[in-house]
Every structure is written in C-alpha cells, then in structure tokens.
Amino acid sequence: MLTALTRAVSRSLGSCELTWHARQEIDIDLANEQHRQYERSLEDLGVRVISLPEQSEMPDAVFVEDPLIVFDEVAIITRMGVASRRAESESLAEAIAPFRPMRRLRDPATLDGGDVMRIGRDVFVGSSSRTNAEGFRQLKEELEPFGYSVRPVTVRGCLHLKSACCALGNDTILANTAWLDPEPLRNYGIIEVPADEPGAANILRIGNSVIMPACFPQTQKKIRTEGLDIRAVDISELMKAEAAVTCSSVIFRAA
Ligand code: GLY
C-alpha cells in the first residue's frame with residue numbers, strides 16, 4: 001500500500017530556514033489547516049497517511065522530505081545542509097525503521113532529500129547550497145548496488161532540485177530549466193512551466209492525479225493536457241517557509 005509519512009506543523013514555523021525567500025509572517029493556524037488538507041488529499045487518493053506529532057522546537061520539521069529518502073530497497077537518513085535542521089532526523093529514523101533497512105549519510109556529507117529526484121531507476125541529485133559533492137558521493141555509493149543510476153544536476157536560483165523539476169510521468173519531467181542545468185535530464189521529455197509560474201515545477205504525482213499548489217493555474221492547464229487529474233491544494237502559508245508540495249511527505253510502498 002502507498003504510505004506517506006507526514007508531520008504536524010511546528011508552532012515555531014515562523015523561525016524556519018530561508019534561502020531565497022524574504023521572511024514573511026506565517027499564520028500558524030492556517031498553515032496547520034492547509035497541511036491537514038494536504039494530508040486529506042493524499043488520503044483521498046488512497047494513500048495511508050502516518051502523521052507524526054509536532055516537533056515544536058524544530059521550525060522546519062514539517063518538511064519531512066529533507067531528512068529521509070525512501071527507496072524500495074533502503075531508507076536513507078540524510079545529513080541536512082543546515083545544522084539547525086539535523087535534529088529532525090532521529091524521530092523519522094524511528095518511524096521508518098519498521099519498513100526499511102536504514103543507512104545514514106555521514107559527515108562531511110550534506111544532502112537534503114529535496115535535492116533527490118527519482119524517475120524509474122534514475123536518481124538525479126541537485127548540487128545546491130544544501131547538498132555537497134560528498135553527499136552525492138555517499139548517496140551514489142548506497143544506491144548503485146541496487147541498480148540505480150545516480151547523477152548530479154547543477155541547481156541555481158532556487159532551494160532544491162525538486163523546486164526546479166519533478167517527475168511527471170515515466171518519461172516526462174516538469175521543469176523550470178532556468179533553475180537547473182538540463183543536460184543530465186536529456187533522455188527525458190521536458191515540459192516547461194510557464195515563465196510567470198517559476199515555482200510550479202514541484203508536483204506530487206499519485207496514480208493518475210497530480211497534487212500541486214492552487215496558485216499555478218497555467219501549469220495546471222498544461223498538466224491536464226497530459227491526461228492527468230489535478231488536486232489543487234492551497235499551501236500559501238507553507239510556501240512562505242520556502243516549501244512546495246513534495247516537502248511535506250515521504251511516500252513509499254509498504255505492506
Ligand atoms: N524552510 C525550509 C528549508 O529551508 O529547509
């Protein structure tokens with residue numbers, strides 16, 4: 001069964017890490033409601049949601065995608081690019097332990113899960129302000145024995161690789177190519193997001209549906225022409241924390 005790990009929004013979200021965004025006031029009650037709606041969208045699509053309790057002292061802890069990456073064969077506990085977030089990992093390691101054998105990236109590696117985009121057996125890893133060459137090297141070392149091809153992609157102008165591109169289908173990637181070097185993705189069809197929706201490439205495909213922010217109508221229209229159904233979610237408060245839709249869950253197959 002498709003399963004999602006999520007975590008309740010921290011009441012300290014307003015003190016989150018920011019890299020490319022200016023700080024704005026965040027309405028925590030609204031952020032909570034938006035996150036619950038996101039979880040309901042997953043459930044509506046048949047995903048079992050395991051919602052972990054809030055970590056009130058860890059502002060970014062709702063963004064569970066960054067400390068944990070789950071493949072069919074193994075779970076990777078990352079070593080995040082900002083030290084302020086590293087304490088988020090332990091409870092996620094406990095949560096994933098019943099489902100997968102676990103490996104951990106080690107100092108001096110840094111790597112955020114938001115920099116890891118898998119499409120089939122290809123795993124693309126963003127070279128970003130959060131993920132360094134040693135993070136890439138250690139992840140490659142863990143995954144190649146399982147037959148994954150692991151390749152770096154230069155990211156510029158945004159936080160993570162998955163801010164710039166996400167898998168839309170088996171052979172298709174939705175991307176803002178102004179924010180990455182598209183050369184490593186050359187074997188895939190690229191669908192560009194409209195220039196005035198630069199942040200719209202972060203989407204979550206579940207079955208024949210795509211969960212994505214409500215604020216990107218032109219991109220929604222493009223995706224519908226691919227025959228996919230759109231589940232629009234309003235995540236305006238979480239977006240102020242430099243989030244998008246993939247950040248707030250880790251999705252994997254479990255019995
Ligand atoms: N606010 C999300 C992050 O910077 O990691």
# chains A, B, ... in the order shown; residues from 1 in each chain; ligands from 1
>>> closest_atom_pairs(of="segment 44-134 of chain A", to="segment 11-19 of chain A", cutoff="9 Å", atoms="only C-alpha atoms", output="Markdown table")
| residue | atom | partner | partner_atom | distance |
| --- | --- | --- | --- | --- |
| A:Glu54 | CA | A:Arg11 | CA | 8.1 |
| A:Gln55 | CA | A:Arg11 | CA | 8.3 |
| A:Ser56 | CA | A:Arg11 | CA | 5.6 |
| A:Glu57 | CA | A:Ser12 | CA | 6.4 |
| A:Met58 | CA | A:Ser12 | CA | 6.9 |
| A:Pro59 | CA | A:Leu13 | CA | 4.2 |
| A:Asp60 | CA | A:Cys16 | CA | 5.4 |
| A:Ala61 | CA | A:Leu13 | CA | 8.4 |
| A:Val62 | CA | A:Leu13 | CA | 8.5 |
| A:Val82 | CA | A:Glu17 | CA | 8.3 |
| A:Ser84 | CA | A:Glu17 | CA | 8.2 |
| A:Arg85 | CA | A:Glu17 | CA | 8.6 |
| A:Ser129 | CA | A:Thr19 | CA | 8.7 |
>>> write_last_selection(atoms="N, CA and C atoms", output="short mmCIF file (atom, residue, chain, number, x, y, z; two decimals), in the first residue's frame")
data_model
loop_
_atom_site.label_atom_id
_atom_site.label_comp_id
_atom_site.auth_asym_id
_atom_site.auth_seq_id
_atom_site.Cartn_x
_atom_site.Cartn_y
_atom_site.Cartn_z
N GLU A 54 3.90 16.96 16.16
CA GLU A 54 4.68 18.19 16.01
C GLU A 54 5.99 18.12 16.79
N GLN A 55 7.04 18.72 16.21
CA GLN A 55 8.27 18.94 16.99
C GLN A 55 8.36 20.46 17.17
N SER A 56 7.86 20.91 18.31
CA SER A 56 7.61 22.35 18.48
C SER A 56 8.87 23.20 18.44
N GLU A 57 10.02 22.61 18.82
CA GLU A 57 11.27 23.40 18.85
C GLU A 57 12.02 23.33 17.52
N MET A 58 11.47 22.64 16.55
CA MET A 58 12.15 22.46 15.25
C MET A 58 11.28 23.07 14.15
N PRO A 59 11.58 24.33 13.79
CA PRO A 59 10.68 25.08 12.92
C PRO A 59 10.37 24.38 11.59
N ASP A 60 11.36 23.72 10.99
CA ASP A 60 11.19 23.15 9.65
C ASP A 60 10.79 21.68 9.67
N ALA A 61 10.43 21.15 10.83
CA ALA A 61 10.26 19.69 10.94
C ALA A 61 9.09 19.14 10.12
N VAL A 62 8.15 20.00 9.73
CA VAL A 62 7.05 19.53 8.87
C VAL A 62 7.57 19.07 7.51
N VAL A 82 21.74 22.37 6.46
CA VAL A 82 21.80 23.37 7.53
C VAL A 82 21.79 22.63 8.88
N SER A 84 20.92 23.54 11.73
CA SER A 84 19.73 23.78 12.55
C SER A 84 18.65 22.73 12.34
N ARG A 85 18.71 21.98 11.26
CA ARG A 85 17.65 21.00 10.96
C ARG A 85 18.05 19.57 11.31
N SER A 129 22.91 24.68 -2.58
CA SER A 129 23.52 25.21 -1.36
C SER A 129 23.37 24.23 -0.20
#
>>> residues_around(residues="Cys165 of chain A", least_positions_apart="3", cutoff="6 Å", atoms="only C-alpha atoms", output="MDAnalysis selection string")
chainID A and resid 162 174:175 201
>>> write_last_selection(atoms="N, CA and C atoms", output="mmCIF file, in the first residue's frame")
data_model
loop_
_atom_site.group_PDB
_atom_site.id
_atom_site.type_symbol
_atom_site.label_atom_id
_atom_site.label_comp_id
_atom_site.auth_asym_id
_atom_site.auth_seq_id
_atom_site.Cartn_x
_atom_site.Cartn_y
_atom_site.Cartn_z
ATOM 1 N N LYS A 162 14.233 19.684 -6.547
ATOM 2 C CA LYS A 162 12.802 19.480 -6.774
ATOM 3 C C LYS A 162 11.999 20.777 -6.703
ATOM 4 N N LEU A 174 8.523 17.677 -15.408
ATOM 5 C CA LEU A 174 8.049 19.063 -15.391
ATOM 6 C C LEU A 174 9.181 19.905 -14.809
ATOM 7 N N ALA A 175 9.571 20.976 -15.512
ATOM 8 C CA ALA A 175 10.777 21.688 -15.066
ATOM 9 C C ALA A 175 10.709 23.179 -15.340
ATOM 10 N N ALA A 201 7.065 23.843 -10.745
ATOM 11 C CA ALA A 201 7.540 22.512 -11.162
ATOM 12 C C ALA A 201 7.484 21.491 -10.027
#
>>> closest_residue(among="A:Ala4, A:Ile28, A:Asn202, A:Leu180", to="Thr219 of chain A", atoms="only C-alpha atoms")
A:Asn202
>>> select_by_dssp(residues="segment 154-221 of chain A", states="strand (DSSP E)", output="PyMOL selection string")
chain A and resi 154+165-167+172-175+189-192+204-206+209-213
>>> residues_around(residues="Arg205 of chain A", least_positions_apart="4", cutoff="10 Å", atoms="only C-alpha atoms", output="short mmCIF file (atom, residue, chain, number, x, y, z; two decimals) with C-alpha atoms, in the first residue's frame")
data_model
loop_
_atom_site.label_atom_id
_atom_site.label_comp_id
_atom_site.auth_asym_id
_atom_site.auth_seq_id
_atom_site.Cartn_x
_atom_site.Cartn_y
_atom_site.Cartn_z
CA CYS A 166 9.80 16.78 -10.68
CA ALA A 167 8.84 13.58 -12.45
CA LEU A 168 5.50 13.98 -14.19
CA GLY A 169 5.43 10.56 -15.84
CA SER A 209 -3.51 12.55 -10.22
CA VAL A 210 -1.16 15.41 -9.50
CA ILE A 211 -1.18 17.27 -6.19
CA MET A 212 0.09 20.80 -6.72
CA LEU A 228 -3.79 13.88 -15.63
CA ASP A 229 -6.21 14.96 -12.93
CA ILE A 230 -5.24 17.95 -10.73
CA ARG A 231 -5.71 18.04 -6.95
CA THR A 246 6.75 17.32 -2.13
#
